[in-house]
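*Asks:* Got my_file17.txt for you, compact mmCIF, C-alpha atoms:
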# COMPACT_ATOMS: atom_id res chain seq x y z
CA MET A 113 -14.77 55.12 -33.43
CA LEU A 114 -17.88 52.97 -33.33
CA ILE A 115 -17.54 49.68 -35.15
CA VAL A 116 -20.31 47.12 -35.48
CA SER A 117 -19.89 44.10 -37.73
CA ALA A 118 -22.87 42.86 -39.69
CA ILE A 119 -23.99 40.81 -42.64
CA ALA A 120 -27.15 42.22 -44.17
CA ILE A 121 -29.59 40.45 -46.44
CA PHE A 122 -31.95 42.90 -48.12
CA SER A 123 -33.97 40.63 -50.35
CA HIS A 124 -36.11 37.53 -50.19
CA PRO A 125 -34.53 34.24 -51.40
CA SER A 126 -37.26 33.84 -54.03
CA VAL A 127 -35.65 36.65 -56.05
CA VAL A 128 -32.57 34.53 -56.63
CA ALA A 129 -34.11 32.74 -59.63
CA LYS A 130 -34.67 35.97 -61.58
CA PRO A 131 -31.60 37.35 -63.38
CA VAL A 132 -31.30 41.10 -62.81
CA PRO A 133 -28.54 43.48 -63.97
CA LEU A 134 -26.32 44.55 -61.09
CA VAL A 135 -25.45 48.15 -60.22
CA ASP A 136 -22.24 49.62 -58.85
CA VAL A 137 -23.11 50.79 -55.33
CA GLN A 138 -20.79 53.79 -55.64
CA THR A 139 -23.03 55.22 -58.37
CA LEU A 140 -25.79 55.52 -55.73
CA ILE A 141 -23.57 56.07 -52.69
CA PRO A 142 -20.43 57.88 -53.88
CA HIS A 143 -18.94 58.26 -50.38
CA ILE A 144 -19.46 54.69 -49.17
CA GLN A 145 -16.21 53.12 -48.05
CA LEU A 146 -15.13 49.91 -49.79
CA ASP A 147 -12.56 47.45 -48.51
CA ILE A 148 -12.91 44.69 -51.09
CA ARG A 149 -10.05 42.46 -49.97
CA TYR A 150 -10.65 39.83 -52.65
CA ALA A 151 -9.42 42.46 -55.15
CA THR A 152 -6.06 42.34 -53.35
CA THR A 153 -3.77 39.67 -51.95
CA GLN A 154 -4.62 40.85 -48.42
CA ASN A 155 -7.27 38.21 -47.73
CA PHE A 156 -7.21 34.77 -46.20
CA THR A 157 -6.46 33.10 -49.56
CA GLN A 158 -3.52 35.46 -50.18
CA ARG A 159 -4.62 35.58 -53.84
CA LYS A 160 -6.25 38.36 -55.86
CA LEU A 161 -9.65 36.93 -56.78
CA TYR A 162 -11.43 40.02 -58.18
CA SER A 163 -10.05 42.11 -61.06
CA GLN A 164 -11.32 45.34 -59.46
CA ALA A 165 -12.63 46.55 -56.11
CA LYS A 166 -16.31 47.17 -56.81
CA CYS A 167 -19.50 46.51 -54.90
CA LEU A 168 -22.15 45.23 -57.32
CA LEU A 169 -25.68 44.58 -56.07
CA ARG A 170 -29.20 44.22 -57.34
CA PRO A 171 -30.81 47.66 -57.82
CA GLY A 172 -33.35 47.21 -55.01
CA VAL A 173 -30.68 46.13 -52.55
CA ALA A 174 -28.42 49.03 -53.55
CA THR A 175 -31.29 51.50 -53.13
CA ARG A 176 -32.07 50.20 -49.64
CA LEU A 177 -28.38 50.36 -48.73
CA ALA A 178 -28.30 53.99 -49.95
CA LYS A 179 -31.22 54.82 -47.63
CA VAL A 180 -29.41 53.23 -44.68
CA GLN A 181 -26.25 55.17 -45.55
CA ALA A 182 -28.24 58.45 -45.75
CA ASP A 183 -29.83 57.80 -42.34
CA LEU A 184 -26.45 56.97 -40.81
CA ALA A 185 -24.85 60.11 -42.30
CA LYS A 186 -27.28 62.22 -40.20
CA LYS A 187 -25.58 60.68 -37.14
CA ASN A 188 -22.09 61.11 -38.57
CA LEU A 189 -21.90 57.38 -39.25
CA GLY A 190 -21.60 55.32 -42.40
CA LEU A 191 -21.06 51.87 -43.84
CA LYS A 192 -17.85 50.17 -44.87
CA VAL A 193 -18.47 47.37 -47.35
CA TYR A 194 -16.22 44.31 -47.53
CA ASP A 195 -17.89 42.11 -50.12
CA CYS A 196 -20.97 42.17 -52.35
CA TYR A 197 -21.68 40.25 -55.55
CA ARG A 198 -19.35 37.29 -55.83
CA PRO A 199 -18.92 35.87 -59.36
CA LEU A 200 -19.45 32.14 -59.77
CA ALA A 201 -15.83 31.68 -60.92
CA VAL A 202 -14.64 33.14 -57.60
CA GLN A 203 -17.06 30.97 -55.66
CA LYS A 204 -15.62 27.90 -57.34
CA LYS A 205 -12.14 28.95 -56.23
CA LEU A 206 -13.36 29.51 -52.67
CA CYS A 207 -15.55 26.41 -52.36
CA PRO A 208 -12.74 24.02 -51.48
CA ILE A 209 -11.58 26.53 -48.87
CA LEU A 210 -15.00 27.45 -47.50
CA ARG A 211 -17.01 24.25 -47.82
CA MET A 212 -18.68 24.79 -44.47
CA LEU A 213 -19.78 28.38 -45.15
CA GLN A 214 -22.83 29.42 -47.11
CA ILE A 215 -21.58 31.64 -49.94
CA GLN A 216 -24.30 31.17 -52.55
CA ARG A 217 -26.30 34.36 -51.82
CA LYS A 218 -23.39 36.65 -52.70
CA ALA A 219 -23.50 35.20 -56.21
CA HIS A 220 -26.89 36.84 -56.65
CA GLY A 221 -26.08 40.30 -55.29
CA ILE A 222 -28.51 40.09 -52.37
CA ILE A 223 -26.08 39.94 -49.47
CA VAL A 224 -23.57 42.53 -48.33
CA ALA A 225 -20.71 42.10 -45.87
CA GLN A 226 -20.51 45.46 -44.15
CA ARG A 227 -19.48 47.36 -41.02
CA LEU A 228 -20.85 50.46 -39.32
CA ILE A 229 -18.20 53.18 -38.99
CA SER A 230 -18.01 56.70 -37.59
CA HIS A 231 -16.83 59.55 -39.81
Translate the structure described by the file into structure tokens.
*Replies:*
Amino acid sequence: MLIVSAIAIFSHPSVVAKPVPLVDVQTLIPHIQLDIRYATTQNFTQRKLYSQAKCLLRPGVATRLAKVQADLAKKNLGLKVYDCYRPLAVQKKLCPILRMLQIQRKAHGIIVAQRLISH
């Protein structure tokens, strides 16, 4: 199994100021694998921070991710997503824990924590 860790930013920071409705990535990429640990207690905080395991992103980011997934599928590869949009309420819970990490971009749905996997 080929595994490559990555954090991908698919949008320019200037888009952050514009509010845009988010889309569920699985509506565009039904077979993408999700491992949204913040929807479980199996994360470093040992608390469930999300009510459900969904990957929400800006439409343009989700579309680009779908294209990457389609290209990878031709090589029998795919993406496994760990985190996407992070609500502000969750950020506030994490801030004391993660003060040294930049977490702001996930609040805008323009960053995806992902991994390349083989099928």
*Asks:* CA of Cys207 (chain A) and CA of Pro131 (chain A) are how many Å apart?
*Replies:* 22.3 Å
*Asks:* Could you name the residues that touch Pro133 (chain A) at 9 Å or less, counting all atoms listed in the file, but leaving out those on the same chain fewer than 2 positions away, as a PDB file with C-alpha atoms, in the coordinates of the input?
*Replies:*
ATOM      1  CA  PRO A 131     -31.600  37.350 -63.380  1.00  0.00           C
ATOM      2  CA  VAL A 135     -25.450  48.150 -60.220  1.00  0.00           C
ATOM      3  CA  LEU A 169     -25.680  44.580 -56.070  1.00  0.00           C
ATOM      4  CA  ARG A 170     -29.200  44.220 -57.340  1.00  0.00           C
ATOM      5  CA  PRO A 171     -30.810  47.660 -57.820  1.00  0.00           C
TER       6      PRO A 171
END
*Asks:* What does the distance between CA of Thr152 (chain A) and CA of Val137 (chain A) come to in Å, to one decimal place?
*Replies:*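 CA of Val137 (chain A) lies 19.1 Å from CA of Thr152 (chain A).
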*Asks:* Provide the CA of Leu189 (chain A) to CA of Ile144 (chain A) distance in Å, to one decimal place.
*Replies:*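 It comes out at 10.6 Å.
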*Asks:* For Lys192 (chain A), which residue among A:Gln164, A:Thr175, A:Gln158, A:Gln145 is the nearest when counting only C-alpha atoms?
*Replies:*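 So, comparing all the options, the nearest one is A:Gln145.
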*Asks:* Rank A:Leu140, A:Leu200, A:Ile148, A:Leu134 by their smallest atom-to-atom distance to Arg176 (chain A), using all atoms listed in the file, and report the top residue only.
*Replies:*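 Of all the options, A:Leu140 lies closest to Arg176 (chain A).
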*Asks:* Have a look at A:Val132, A:Ile141, A:Val173, A:Leu168 and name the one nearest to Tyr194 (chain A); count only C-alpha atoms.
*Replies:*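 Between A:Val132, A:Ile141, A:Val173, A:Leu168, the residue approaching Tyr194 (chain A) most closely is A:Leu168.
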